[in-house]
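Asker: See upload.cif below, with mmCIF, C-alpha atoms.
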data_entry
#
loop_
_atom_site.label_atom_id
_atom_site.label_comp_id
_atom_site.auth_asym_id
_atom_site.auth_seq_id
_atom_site.Cartn_x
_atom_site.Cartn_y
_atom_site.Cartn_z
CA MET A 1 -13.50 -20.63 26.41
CA ASN A 2 -16.15 -17.93 26.68
CA ILE A 3 -19.09 -19.56 24.89
CA ASN A 4 -21.02 -16.25 24.97
CA LEU A 5 -18.70 -15.04 22.19
CA LEU A 6 -19.48 -17.97 19.86
CA PRO A 7 -22.40 -16.22 18.07
CA ASP A 8 -20.15 -13.21 17.34
CA LEU A 9 -17.38 -15.49 16.10
CA ALA A 10 -19.81 -17.35 13.86
CA ALA A 11 -21.21 -14.08 12.47
CA MET A 12 -17.76 -12.74 11.70
CA ALA A 13 -16.67 -16.03 10.14
CA THR A 14 -19.76 -15.84 7.88
CA LEU A 15 -18.93 -12.27 6.78
CA LEU A 16 -15.32 -13.29 6.12
CA ALA A 17 -16.50 -16.21 3.99
CA ILE A 18 -18.76 -13.89 1.97
CA LEU A 19 -15.87 -11.44 1.47
CA TYR A 20 -13.57 -14.29 0.41
CA PHE A 21 -15.94 -15.69 -2.21
CA LEU A 22 -16.80 -12.23 -3.53
CA ARG A 23 -13.09 -11.52 -3.84
CA ARG A 24 -12.56 -14.74 -5.80
CA ARG A 25 -15.39 -13.97 -8.21
CA HIS A 26 -14.65 -10.26 -8.58
CA LEU A 27 -10.94 -9.56 -8.29
CA GLN A 28 -10.40 -6.01 -7.07
CA GLU A 29 -7.18 -4.28 -6.07
CA GLY A 30 -6.77 -3.86 -2.33
CA VAL A 31 -9.51 -6.31 -1.32
CA GLY A 32 -6.94 -9.01 -0.59
CA LEU A 33 -5.37 -6.72 2.03
CA TRP A 34 -8.79 -6.04 3.55
CA PHE A 35 -9.37 -9.77 3.84
CA VAL A 36 -5.99 -10.34 5.54
CA GLY A 37 -6.69 -7.47 7.94
CA LEU A 38 -10.06 -8.93 8.87
CA LEU A 39 -8.44 -12.34 9.40
CA PHE A 40 -6.25 -10.73 12.07
CA ILE A 41 -9.38 -9.24 13.65
CA PHE A 42 -10.93 -12.72 13.65
CA LEU A 43 -7.74 -14.04 15.26
CA GLU A 44 -8.09 -11.36 17.96
CA ALA A 45 -11.70 -12.43 18.52
CA LEU A 46 -10.56 -16.04 18.98
CA ALA A 47 -7.88 -14.96 21.42
CA HIS A 48 -10.46 -12.86 23.27
CA ALA A 49 -12.71 -15.90 23.58
CA PHE A 50 -9.90 -17.81 25.34
CA TYR A 51 -8.67 -14.83 27.36
CA THR A 52 -8.52 -15.11 31.14
CA VAL A 53 -7.50 -12.52 33.72
CA SER A 54 -4.98 -14.97 35.17
CA GLY A 55 -3.67 -18.44 34.49
CA PRO A 56 -1.55 -20.01 31.74
CA ARG A 57 -3.69 -18.66 28.89
CA HIS A 58 -3.62 -15.05 30.05
CA ILE A 59 -0.34 -13.84 28.54
CA PRO A 60 -0.44 -15.81 25.21
CA SER A 61 -4.03 -14.77 24.48
CA HIS A 62 -3.24 -11.16 25.45
CA ILE A 63 -0.21 -11.05 23.14
CA ILE A 64 -2.17 -12.52 20.24
CA ALA A 65 -5.08 -10.13 20.78
CA LEU A 66 -3.05 -6.91 20.98
CA ASP A 67 -0.59 -7.78 18.23
CA SER A 68 -3.47 -8.90 16.00
CA TYR A 69 -5.10 -5.50 16.47
CA LEU A 70 -1.81 -3.85 15.58
CA ALA A 71 -1.23 -6.03 12.51
CA ALA A 72 -4.80 -5.45 11.30
CA GLY A 73 -4.48 -1.69 11.75
CA ILE A 74 -1.20 -1.55 9.82
CA ILE A 75 -2.63 -3.69 7.00
CA PHE A 76 -5.79 -1.58 6.77
CA LEU A 77 -3.69 1.61 6.74
CA TRP A 78 -1.50 0.17 3.97
CA ALA A 79 -4.58 -0.75 1.93
CA ALA A 80 -6.09 2.72 2.40
CA SER A 81 -2.80 4.52 1.63
CA LYS A 82 -2.15 2.82 -1.71
CA GLU A 83 -4.37 5.28 -3.57
CA LEU A 84 -2.80 8.37 -1.99
CA PHE A 85 0.93 7.79 -1.47
CA PRO A 86 3.83 6.11 -3.30
CA ARG A 87 3.47 2.41 -2.54
CA ARG A 88 7.07 1.42 -1.93
CA ALA A 89 7.82 4.44 0.26
CA THR A 90 4.64 3.90 2.29
CA LEU A 91 5.32 0.21 2.80
CA ILE A 92 8.87 0.86 4.03
CA TYR A 93 7.58 3.56 6.37
CA LEU A 94 4.89 1.30 7.86
CA VAL A 95 7.17 -1.71 8.30
CA ALA A 96 9.88 0.37 9.99
CA ASN A 97 7.46 1.97 12.43
CA THR A 98 5.59 -1.24 13.17
CA LEU A 99 8.61 -2.64 15.04
CA ALA A 100 8.34 -0.16 17.91
CA LEU A 101 4.55 -0.45 18.02
CA ALA A 102 4.77 -4.25 18.21
CA ALA A 103 7.33 -3.97 21.01
CA LEU A 104 4.96 -1.66 22.91
CA GLN A 105 1.92 -3.95 22.59
CA THR A 106 3.91 -7.08 23.44
CA THR A 107 5.52 -5.45 26.48
CA TYR A 108 2.12 -4.53 27.87
CA ALA A 109 0.69 -7.98 27.07
CA LEU A 110 3.59 -9.57 28.99
CA ASP A 111 2.37 -7.71 32.10
CA VAL A 112 5.52 -5.59 32.32
CA ARG A 113 4.60 -2.87 34.78
CA ARG A 114 7.78 -0.82 35.04
CA PRO A 115 8.14 2.50 33.20
CA VAL A 116 11.71 2.01 31.92
CA PRO A 117 10.94 -0.57 29.15
CA TYR A 118 8.12 1.63 27.86
CA GLN A 119 10.34 4.71 27.95
CA VAL A 120 13.06 2.89 26.01
CA ILE A 121 10.49 1.82 23.41
CA ALA A 122 9.15 5.39 23.24
CA VAL A 123 12.61 6.81 22.57
CA GLY A 124 13.36 4.15 19.93
CA GLY A 125 9.95 4.65 18.32
CA LEU A 126 10.43 8.41 18.21
CA ILE A 127 13.86 8.09 16.61
CA ILE A 128 12.47 5.78 13.92
CA GLY A 129 9.39 7.97 13.53
CA LEU A 130 11.49 11.08 13.01
CA ALA A 131 14.03 9.42 10.73
CA THR A 132 11.75 7.56 8.32
CA PRO A 133 9.73 10.53 6.98
CA VAL A 134 12.99 12.38 6.25
CA PHE A 135 14.40 9.28 4.57
CA LEU A 136 11.23 8.92 2.50
CA CYS A 137 10.94 12.57 1.43
CA ARG A 138 11.94 11.41 -2.04
CA GLY A 139 8.69 9.47 -2.22
CA LEU A 140 6.45 11.77 -0.17
CA ARG A 141 5.96 15.51 -0.46
CA LEU A 142 7.69 17.45 2.31
CA SER A 143 4.38 18.78 3.68
CA LYS A 144 3.14 15.22 4.18
CA ALA A 145 6.42 14.23 5.80
CA TRP A 146 6.06 17.04 8.39
CA TRP A 147 2.59 15.80 9.30
CA LEU A 148 4.05 12.34 9.82
CA VAL A 149 6.72 13.83 12.08
CA PHE A 150 4.05 15.65 14.11
CA ALA A 151 1.97 12.46 14.47
CA GLN A 152 5.02 10.50 15.64
CA ILE A 153 5.86 13.13 18.26
CA VAL A 154 2.29 13.07 19.62
CA LEU A 155 2.30 9.26 19.74
CA TRP A 156 5.60 8.65 21.50
CA VAL A 157 5.41 11.63 23.87
CA SER A 158 2.02 10.28 24.96
CA VAL A 159 3.47 6.80 25.49
CA TRP A 160 6.38 8.23 27.55
CA THR A 161 4.02 10.37 29.64
CA TYR A 162 1.58 7.55 30.38
CA ALA A 163 4.39 5.12 31.25
CA SER A 164 6.06 7.66 33.54
CA ASN A 165 2.77 8.00 35.40
CA LEU A 166 2.39 4.17 35.59
CA MET A 167 -0.60 4.26 33.18
CA PHE A 168 0.65 1.34 31.12
CA ARG A 169 -2.72 0.34 29.66
CA ASP A 170 -3.20 3.91 28.37
CA ALA A 171 0.28 3.82 26.83
CA ALA A 172 -0.57 0.68 24.82
CA TYR A 173 -4.10 1.60 23.84
CA THR A 174 -3.31 5.21 22.89
CA ALA A 175 -1.04 3.85 20.15
CA LEU A 176 -3.93 1.73 18.82
CA PHE A 177 -6.28 4.71 19.10
CA LEU A 178 -4.02 6.89 16.92
CA LEU A 179 -3.39 4.09 14.43
CA TYR A 180 -7.09 3.39 13.87
CA LEU A 181 -7.99 7.09 13.82
CA VAL A 182 -5.38 7.74 11.10
CA THR A 183 -6.72 4.71 9.21
CA ALA A 184 -10.24 6.18 9.34
CA ILE A 185 -8.94 9.50 7.97
CA VAL A 186 -6.97 7.86 5.14
CA PHE A 187 -9.92 5.65 4.15
CA GLY A 188 -12.08 8.78 4.11
CA LEU A 189 -9.63 10.41 1.70
CA SER A 190 -9.08 7.40 -0.56
CA LEU A 191 -12.60 5.96 -1.00
CA PRO A 192 -15.08 7.63 -3.40
CA ARG A 193 -17.26 10.39 -2.00
CA GLY A 194 -20.92 9.47 -1.72
CA SER A 195 -20.13 5.79 -1.21
CA LEU A 196 -22.21 4.07 1.48
CA GLY A 197 -19.34 1.67 2.03
CA ARG A 198 -17.01 4.63 2.67
CA ILE A 199 -19.36 5.98 5.32
CA ALA A 200 -19.59 2.60 7.07
CA ILE A 201 -15.83 2.00 6.97
CA VAL A 202 -14.87 5.47 8.22
CA LEU A 203 -17.52 5.39 10.95
CA GLY A 204 -16.40 1.90 11.99
CA PHE A 205 -12.74 2.91 12.31
CA VAL A 206 -13.62 6.12 14.19
CA VAL A 207 -15.70 4.12 16.68
CA TRP A 208 -12.90 1.56 16.88
CA SER A 209 -10.35 4.25 17.71
CA LEU A 210 -12.64 5.68 20.41
CA VAL A 211 -13.06 2.20 21.90
CA PHE A 212 -9.27 2.04 22.33
CA LEU A 213 -9.13 5.59 23.70
CA PHE A 214 -11.73 4.96 26.41
CA HIS A 215 -10.71 1.38 27.20
CA SER A 216 -8.92 2.27 30.44
CA TRP A 217 -11.74 4.56 31.56
CA VAL A 218 -14.35 1.83 30.97
CA SER A 219 -12.22 -0.85 32.65
CA ASN A 220 -12.33 1.13 35.90
CA ARG A 221 -16.13 1.50 35.76
CA PRO A 222 -17.80 -1.94 35.88
CA GLN A 223 -21.27 -0.49 35.19
CA TYR A 224 -20.21 0.33 31.62
CA ILE A 225 -18.36 -2.89 30.78
CA ASP A 226 -21.36 -4.75 29.24
CA PHE A 227 -22.26 -1.74 27.09
CA ALA A 228 -18.65 -1.30 26.02
CA SER A 229 -18.43 -5.01 25.09
CA GLU A 230 -21.32 -4.56 22.66
CA ILE A 231 -19.63 -1.53 21.07
CA TRP A 232 -16.34 -3.47 20.94
CA ASP A 233 -17.91 -6.02 18.59
CA TRP A 234 -20.23 -3.66 16.74
CA GLN A 235 -17.54 -1.69 14.90
CA LYS A 236 -15.91 -4.91 13.59
CA PHE A 237 -19.11 -5.81 11.78
CA LEU A 238 -19.61 -2.23 10.62
CA VAL A 239 -16.17 -2.18 8.97
CA THR A 240 -16.69 -5.64 7.43
CA ILE A 241 -20.10 -4.70 6.02
CA GLY A 242 -18.63 -1.41 4.76
CA MET A 243 -15.94 -3.32 2.86
CA LEU A 244 -18.57 -5.60 1.33
CA LEU A 245 -20.53 -2.53 0.25
CA VAL A 246 -17.42 -0.96 -1.32
CA MET A 247 -16.78 -4.19 -3.26
CA LEU A 248 -20.35 -4.26 -4.56
CA GLU A 249 -20.24 -0.56 -5.46
CA ARG A 250 -16.99 -1.07 -7.35
CA GLN A 251 -18.48 -4.04 -9.20
CA VAL A 252 -21.55 -2.03 -10.21
CA ALA A 253 -19.33 0.82 -11.41
CA SER A 254 -17.17 -1.68 -13.30
CA ASN A 255 -20.23 -3.22 -14.98
CA GLU A 256 -21.43 0.25 -16.01
CA TRP A 257 -17.98 1.05 -17.41
CA PHE A 258 -17.79 -2.17 -19.43
CA ALA A 259 -21.30 -1.54 -20.78
CA LEU A 260 -19.98 1.63 -22.44
CA HIS A 261 -16.38 0.67 -23.24
CA ASP A 262 -14.43 -1.78 -25.36
CA GLN A 263 -12.68 -4.30 -23.13
CA LEU A 264 -9.62 -4.75 -25.38
CA THR A 265 -8.63 -1.11 -25.91
CA GLY A 266 -10.50 0.64 -23.10
CA LEU A 267 -12.02 3.01 -25.65
CA PRO A 268 -15.71 3.97 -25.65
CA ASN A 269 -17.88 1.54 -27.62
CA ARG A 270 -20.68 2.03 -30.17
CA ARG A 271 -23.31 2.74 -27.51
CA TYR A 272 -21.17 5.42 -25.87
CA PHE A 273 -20.37 6.94 -29.28
CA GLU A 274 -24.06 7.26 -30.15
CA ASN A 275 -24.78 9.04 -26.87
CA LYS A 276 -21.86 11.43 -27.40
CA LEU A 277 -22.95 12.16 -30.98
CA ASP A 278 -26.41 13.16 -29.71
CA GLU A 279 -24.78 15.46 -27.15
CA ALA A 280 -22.42 16.95 -29.75
CA VAL A 281 -25.28 17.75 -32.15
CA LEU A 282 -27.28 19.46 -29.40
CA GLN A 283 -24.21 21.48 -28.41
CA SER A 284 -23.58 22.45 -32.04
CA GLN A 285 -27.15 23.66 -32.36
CA ARG A 286 -26.66 25.87 -29.29
CA THR A 287 -23.22 27.27 -30.18
CA GLY A 288 -23.29 27.23 -33.97
CA MET A 289 -19.93 25.44 -34.08
CA ARG A 290 -19.34 22.55 -36.50
CA ILE A 291 -18.82 18.82 -35.92
CA ALA A 292 -16.71 16.35 -37.89
CA VAL A 293 -17.34 12.61 -37.79
CA LEU A 294 -14.28 10.59 -38.85
CA MET A 295 -14.79 6.91 -39.73
CA ILE A 296 -11.45 5.02 -39.58
CA ASP A 297 -10.57 1.59 -40.94
CA LEU A 298 -7.09 0.07 -40.73
CA ASN A 299 -5.34 -1.02 -43.94
CA GLY A 300 -3.21 -4.14 -43.67
CA PHE A 301 -4.51 -5.24 -40.28
CA LYS A 302 -6.28 -8.37 -41.54
CA ILE A 303 -3.09 -9.67 -43.17
CA ILE A 304 -1.09 -9.22 -39.94
CA ASN A 305 -3.89 -10.73 -37.82
CA ASP A 306 -4.24 -13.80 -40.07
CA THR A 307 -0.49 -14.31 -40.48
CA TYR A 308 0.77 -13.70 -36.94
CA GLY A 309 -2.28 -14.58 -34.88
CA HIS A 310 -4.91 -12.81 -32.81
CA GLU A 311 -2.55 -12.03 -29.93
CA ILE A 312 -0.35 -9.86 -32.17
CA GLY A 313 -3.50 -8.44 -33.76
CA ASP A 314 -4.96 -7.46 -30.38
CA ARG A 315 -1.72 -5.83 -29.27
CA LEU A 316 -1.56 -3.92 -32.56
CA LEU A 317 -5.10 -2.63 -31.99
CA GLN A 318 -4.10 -1.51 -28.48
CA HIS A 319 -1.05 0.21 -29.97
CA VAL A 320 -3.17 2.09 -32.51
CA ALA A 321 -5.78 3.02 -29.90
CA HIS A 322 -3.05 4.38 -27.61
CA HIS A 323 -1.64 6.67 -30.29
CA LEU A 324 -5.07 7.78 -31.48
CA ARG A 325 -5.87 8.84 -27.92
CA ARG A 326 -2.77 11.01 -27.87
CA VAL A 327 -3.59 12.97 -31.05
CA ILE A 328 -7.25 13.77 -30.47
CA ARG A 329 -8.22 16.81 -28.42
CA SER A 330 -9.65 16.48 -24.92
CA THR A 331 -13.03 17.72 -26.23
CA ASP A 332 -13.17 15.04 -28.95
CA THR A 333 -14.47 11.48 -28.59
CA LEU A 334 -12.64 8.40 -29.88
CA ALA A 335 -14.50 5.07 -29.96
CA ARG A 336 -13.92 1.57 -31.29
CA LEU A 337 -16.87 0.22 -33.25
CA GLY A 338 -15.47 -3.30 -33.49
CA GLY A 339 -12.81 -5.21 -35.44
CA ASP A 340 -10.35 -2.65 -36.82
CA GLU A 341 -12.90 0.16 -37.13
CA PHE A 342 -12.63 3.34 -35.05
CA ILE A 343 -14.64 6.54 -35.11
CA VAL A 344 -13.95 10.08 -33.88
CA ILE A 345 -16.30 12.96 -33.09
CA ALA A 346 -14.43 16.26 -33.40
CA THR A 347 -16.44 19.11 -31.85
CA ASP A 348 -16.21 22.91 -31.65
CA LEU A 349 -14.74 23.30 -35.14
CA PRO A 350 -14.57 26.90 -36.48
CA LYS A 351 -17.53 28.19 -38.47
CA ASP A 352 -15.44 30.13 -40.98
CA MET A 353 -12.82 27.48 -41.83
CA PRO A 354 -13.17 25.90 -45.31
CA SER A 355 -14.43 22.31 -45.26
CA GLU A 356 -11.38 21.03 -47.13
CA GLN A 357 -9.09 22.53 -44.51
CA ILE A 358 -11.04 20.90 -41.66
CA VAL A 359 -10.84 17.53 -43.39
CA GLU A 360 -7.10 17.91 -43.95
CA MET A 361 -6.48 19.10 -40.39
CA THR A 362 -8.41 16.28 -38.74
CA THR A 363 -7.29 13.40 -40.95
CA SER A 364 -3.56 14.20 -41.08
CA ARG A 365 -2.95 13.65 -37.35
CA ILE A 366 -5.18 10.56 -37.36
CA LEU A 367 -3.20 8.94 -40.16
CA GLU A 368 0.10 9.88 -38.53
CA ALA A 369 -0.97 8.14 -35.31
CA ILE A 370 -2.15 5.00 -37.15
CA GLU A 371 1.07 4.63 -39.15
CA ARG A 372 3.40 4.64 -36.13
CA PRO A 373 5.42 1.38 -36.23
CA PHE A 374 4.61 -1.33 -33.69
CA HIS A 375 7.61 -3.32 -32.39
CA THR A 376 7.24 -6.69 -30.68
CA GLY A 377 9.26 -9.91 -30.53
CA GLY A 378 11.91 -8.56 -32.86
CA GLU A 379 9.29 -7.78 -35.52
CA THR A 380 8.07 -4.39 -36.70
CA PHE A 381 4.50 -3.97 -37.96
CA THR A 382 3.01 -0.99 -39.75
CA VAL A 383 -0.55 -0.44 -40.89
CA GLY A 384 -2.21 2.36 -42.80
CA GLY A 385 -5.65 3.85 -42.52
CA SER A 386 -8.62 4.89 -44.59
CA VAL A 387 -10.51 7.86 -43.15
CA GLY A 388 -13.91 9.19 -44.22
CA VAL A 389 -15.08 12.55 -42.92
CA SER A 390 -18.55 14.10 -42.79
CA LEU A 391 -19.37 17.55 -41.40
CA TYR A 392 -22.34 18.83 -39.42
CA PRO A 393 -24.22 20.85 -40.55
CA ASP A 394 -22.38 21.27 -43.87
CA ASP A 395 -23.15 17.78 -45.24
CA THR A 396 -26.34 17.01 -43.35
CA THR A 397 -28.24 17.73 -40.14
CA ASP A 398 -29.38 14.12 -39.81
CA GLU A 399 -27.23 12.15 -37.35
CA VAL A 400 -27.77 8.78 -39.04
CA LEU A 401 -26.91 10.19 -42.45
CA LEU A 402 -23.89 12.00 -40.98
CA ARG A 403 -22.35 8.73 -39.90
CA ARG A 404 -23.38 6.95 -43.12
CA LEU A 405 -21.65 9.61 -45.22
CA ALA A 406 -18.44 9.22 -43.21
CA ASP A 407 -18.69 5.45 -43.67
CA GLN A 408 -19.20 5.75 -47.45
CA ARG A 409 -16.29 8.14 -47.85
CA MET A 410 -14.06 5.85 -45.85
CA TYR A 411 -14.89 2.91 -48.15
CA GLN A 412 -14.28 5.08 -51.21
CA GLN A 413 -10.76 5.65 -49.92
CA LYS A 414 -10.33 1.99 -49.02
CA ARG A 415 -11.20 0.86 -52.57
CA GLN A 416 -8.23 2.87 -53.80
CA VAL A 417 -5.83 0.94 -51.53
CA PRO A 418 -3.96 -1.99 -53.20
CA LEU A 419 -5.66 -5.33 -52.45
CA THR A 420 -2.52 -6.80 -50.89
CA TYR A 421 -2.51 -4.00 -48.32
CA ALA A 422 -6.25 -3.59 -47.69
#
Output the file's structure in the form of structure tokens.
Answerer:
Amino acid sequence: MNINLLPDLAAMATLLAILYFLRRRHLQEGVGLWFVGLLFIFLEALAHAFYTVSGPRHIPSHIIALDSYLAAGIIFLWAASKELFPRRATLIYLVANTLALAALQTTYALDVRRPVPYQVIAVGGLIIGLATPVFLCRGLRLSKAWWLVFAQIVLWVSVWTYASNLMFRDAAYTALFLLYLVTAIVFGLSLPRGSLGRIAIVLGFVVWSLVFLFHSWVSNRPQYIDFASEIWDWQKFLVTIGMLLVMLERQVASNEWFALHDQLTGLPNRRYFENKLDEAVLQSQRTGMRIAVLMIDLNGFKIINDTYGHEIGDRLLQHVAHHLRRVIRSTDTLARLGGDEFIVIATDLPKDMPSEQIVEMTTSRILEAIERPFHTGGETFTVGGSVGVSLYPDDTTDEVLLRRLADQRMYQQKRQVPLTYA
């Protein structure tokens, strides 16, 4: 075993442990695939530590190292692609094309140094590569499928050419170069712009792809081997740190989202509503347009919640929130204040429309959305709503009083509802 690699192995094991515990504490989609991909990279590092140029360990460690790189690249590409392409179609495409790539890496690792096996693999890989995008055109747009066809042609023509010229190492490592370069591009497209983690991950995969591209060139120039070995390990840590940064950035964004949204319904909460009301008033002062504040309270919800339990009550609230979202305009704001109380800010209302008409127009669609039946477990539940409306600047120019008036008018309506339904 090459003991000089132990510090690198220990460092990578530490980063993997950090990623694992962060993943357990903060579940995020796609991070599990990142972790599996990095485990394959760690497996490659172990195989590299036991690698020898000759002897009984040479071929097994070489197979594990190259196939681990391939498996990691495919897993990373799958994780990066999930935000951009249909998942099932992408997974089928990657699995089908991995077979030929695995055959290529394993053939080279077995020290096969005759062109015919590589040429056979290149032909088979090209057939699969040309067939699968066409087969998956139902899941991918045709333009994307043609780019996949082009990439497959470049890959397998390169493999054939290198093998025909007895450049077997170049044939194997060119495939890894293209795989990791495409992974860098897809991560660059799928991760948020401005993310430090995105920069680190994309840079790491670009460097990684270049390491594969120049591997043969460096191997024939001993004076560069030590420098290349440092680069070979550097990009692994860069990608790992980038993934940790992305996780932390996502967690910060998630915390900010939950600070302004209701966890049950996903609607904005009281704090978000107050900020939006300030913005709406300022906009109204600039444009002269009117604002309506609609305070909403559900009728009959408490009876259902007490009789059938909080689970049914929560699902009913989600049902109401879903339909309220669908009836408000994109410029309006819908928020949940708590319990069964909701509030809407309707902006850009006409200056010349009578107040009664605005109230009727805004409340009718709200009530229609609330009263949509909710079906679950063979039961059908229906609630009503009490809605109070106040107008800016017709009723008041004071924001606190504007909301208080809407609240008072809502309770005036609620007092008229039969007690058994309220």
Asker: Neighbours of segment 382-389 of chain A within 6 Å (only C-alpha atoms; same-chain residues fewer than 4 positions away dropped), as a PyMOL selection string?
Answerer: chain A and resi 293-300+371+373+406+409-410+413-414
Asker: Compile the contact shell of Val320 of chain A as a PDB file with C-alpha atoms, in the frame of the given file: residues with an atom at most 9 Å away, counting all atoms listed in the file, same-chain residues fewer than 3 positions apart removed.
Answerer:
ATOM      1  CA  ARG A 315      -1.720  -5.830 -29.270  1.00  0.00           C
ATOM      2  CA  LEU A 316      -1.560  -3.920 -32.560  1.00  0.00           C
ATOM      3  CA  LEU A 317      -5.100  -2.630 -31.990  1.00  0.00           C
ATOM      4  CA  HIS A 323      -1.640   6.670 -30.290  1.00  0.00           C
ATOM      5  CA  LEU A 324      -5.070   7.780 -31.480  1.00  0.00           C
ATOM      6  CA  ARG A 325      -5.870   8.840 -27.920  1.00  0.00           C
ATOM      7  CA  ALA A 369      -0.970   8.140 -35.310  1.00  0.00           C
ATOM      8  CA  ILE A 370      -2.150   5.000 -37.150  1.00  0.00           C
ATOM      9  CA  GLU A 371       1.070   4.630 -39.150  1.00  0.00           C
ATOM     10  CA  ARG A 372       3.400   4.640 -36.130  1.00  0.00           C
ATOM     11  CA  PHE A 374       4.610  -1.330 -33.690  1.00  0.00           C
TER      12      PHE A 374
END
Asker: I'd like the contact shell of Leu33 of chain A - 8 Å cut-off, all atoms listed in the file, skipping same-chain residues fewer than 3 positions apart - returned as an NGL selection string.
Answerer: :A and (30 or 36-37 or 75-76 or 79)
Asker: Name all residues at most 9 Å from Leu196 of chain A (count all atoms listed in the file; drop same-chain ones fewer than 2 positions away) and give them as a list in words.
Answerer: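 Counting only the stated atoms, we get Arg193, Gly194, Arg198, Ile199, Ala200, Ile201, Gly242, Leu245, Val246 and Glu249 of chain A.
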Asker: Figure out the distance between atom CA of Asn269 of chain A and atom CA of Leu337 of chain A, please, to one decimal in Å.
Answerer: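 Going from atom CA of Leu337 of chain A over to atom CA of Asn269 of chain A covers 5.9 Å.
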Asker: Spell out the residues picked by the PyMOL selection byres ((chain A and resi 47) around 9) here, as an MDAnalysis selection string.
Answerer: chainID A and resid 42:46 48:51 60:65
Asker: In Å to one decimal, how far is atom CA of Ile128 of chain A from atom CA of Leu99 of chain A?
Answerer: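 It comes out at 9.3 Å.
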Asker: Restricting the calculation to all atoms listed in the file, which member of A:Leu104, A:Val149, A:Leu264, A:Leu238 is positioned closest to Met12 of chain A?
Answerer: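 Looking only at the distances to Met12 of chain A, the closest residue turns out to be A:Leu238.
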Asker: Residues within 10 Å of Arg271 of chain A, please, as a PyMOL selection string. Count all atoms listed in the file; anything in the same chain fewer than 4 positions from it doesn't count.
Answerer: chain A and resi 259-261+275-276+335+337
Asker: Restricting it to C-alpha atoms, dump the selection as a PDB file, in the coordinates of the input.
Answerer:
ATOM      1  CA  ALA A 259     -21.300  -1.540 -20.780  1.00  0.00           C
ATOM      2  CA  LEU A 260     -19.980   1.630 -22.440  1.00  0.00           C
ATOM      3  CA  HIS A 261     -16.380   0.670 -23.240  1.00  0.00           C
ATOM      4  CA  ASN A 275     -24.780   9.040 -26.870  1.00  0.00           C
ATOM      5  CA  LYS A 276     -21.860  11.430 -27.400  1.00  0.00           C
ATOM      6  CA  ALA A 335     -14.500   5.070 -29.960  1.00  0.00           C
ATOM      7  CA  LEU A 337     -16.870   0.220 -33.250  1.00  0.00           C
TER       8      LEU A 337
END
Asker: With the cut-off set at 12 Å and counting all atoms listed in the file, tabulate each residue of segment 177-277 of chain A with an atom at most that distance from an atom of segment 84-91 of chain A, showing the nearest atom pair and its distance in Å to one decimal, ordered by chain and increasing number, as JSON lines.
Answerer:
{"residue": "A:Ile185", "atom": "CA", "partner": "A:Leu84", "partner_atom": "CA", "distance": 11.8}
{"residue": "A:Val186", "atom": "CA", "partner": "A:Leu84", "partner_atom": "CA", "distance": 8.3}
{"residue": "A:Phe187", "atom": "CA", "partner": "A:Leu84", "partner_atom": "CA", "distance": 9.8}
{"residue": "A:Gly188", "atom": "CA", "partner": "A:Leu84", "partner_atom": "CA", "distance": 11.1}
{"residue": "A:Leu189", "atom": "CA", "partner": "A:Leu84", "partner_atom": "CA", "distance": 8.0}
{"residue": "A:Ser190", "atom": "CA", "partner": "A:Leu84", "partner_atom": "CA", "distance": 6.5}
{"residue": "A:Leu191", "atom": "CA", "partner": "A:Leu84", "partner_atom": "CA", "distance": 10.1}
Asker: Between A:Val159, A:Val154, A:Leu402, A:Ile345, single out the one closest to Pro268 of chain A, counting only C-alpha atoms.
Answerer: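 Between A:Val159, A:Val154, A:Leu402, A:Ile345, the residue approaching Pro268 of chain A most closely is A:Ile345.
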Asker: Which centre and edge lengths in Å to one decimal define the box along x, y and z that fits every listed atom of segment 60-66 of chain A plus 8 Å per side, as JSON?
Answerer:
{"center_x": -2.6, "center_y": -11.4, "center_z": 22.8, "size_x": 20.9, "size_y": 24.9, "size_z": 21.2}
Asker: Which residues would end up in the selection if the PyMOL selection byres ((chain A and resi 397) around 12) were applied here, given that I need the answer as a list of chain:residue names?
Answerer: A:Leu277, A:Asp278, A:Ala280, A:Val281, A:Leu282, A:Ser284, A:Gln285, A:Arg290, A:Ile291, A:Ala292, A:Ser390, A:Leu391, A:Tyr392, A:Pro393, A:Asp394, A:Asp395, A:Thr396, A:Asp398, A:Glu399, A:Val400, A:Leu401, A:Leu402, A:Arg403, A:Leu405
Asker: Taking the file as shown, find all residues satisfying the PyMOL selection byres ((chain A and resi 177) around 7) and write them as a ChimeraX atom specification.
Answerer: /A:173-176,178-181,209-210,212-213
Asker: Which one of A:Phe342, A:Phe21, A:Trp78, A:Phe168 sits closest to Leu267 of chain A if you count only C-alpha atoms?
Answerer: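 That would be A:Phe342, the residue with the smallest distance to Leu267 of chain A.
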Asker: Is it possible to get the residues within 7 Å of (3.3, -1.5, 29.5) (coordinates as in the file, counting all atoms listed in the file) written as a short mmCIF file (atom, residue, chain, number, x, y, z; two decimals) with C-alpha atoms, in the frame of the given file?
Answerer:
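Saved as point-v7.cif:
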data_model
loop_
_atom_site.label_atom_id
_atom_site.label_comp_id
_atom_site.auth_asym_id
_atom_site.auth_seq_id
_atom_site.Cartn_x
_atom_site.Cartn_y
_atom_site.Cartn_z
CA LEU A 104 4.96 -1.66 22.91
CA THR A 107 5.52 -5.45 26.48
CA TYR A 108 2.12 -4.53 27.87
CA ASP A 111 2.37 -7.71 32.10
CA VAL A 112 5.52 -5.59 32.32
CA ARG A 113 4.60 -2.87 34.78
CA TYR A 118 8.12 1.63 27.86
CA ALA A 163 4.39 5.12 31.25
CA PHE A 168 0.65 1.34 31.12
CA ARG A 169 -2.72 0.34 29.66
CA ALA A 171 0.28 3.82 26.83
CA ALA A 172 -0.57 0.68 24.82
#
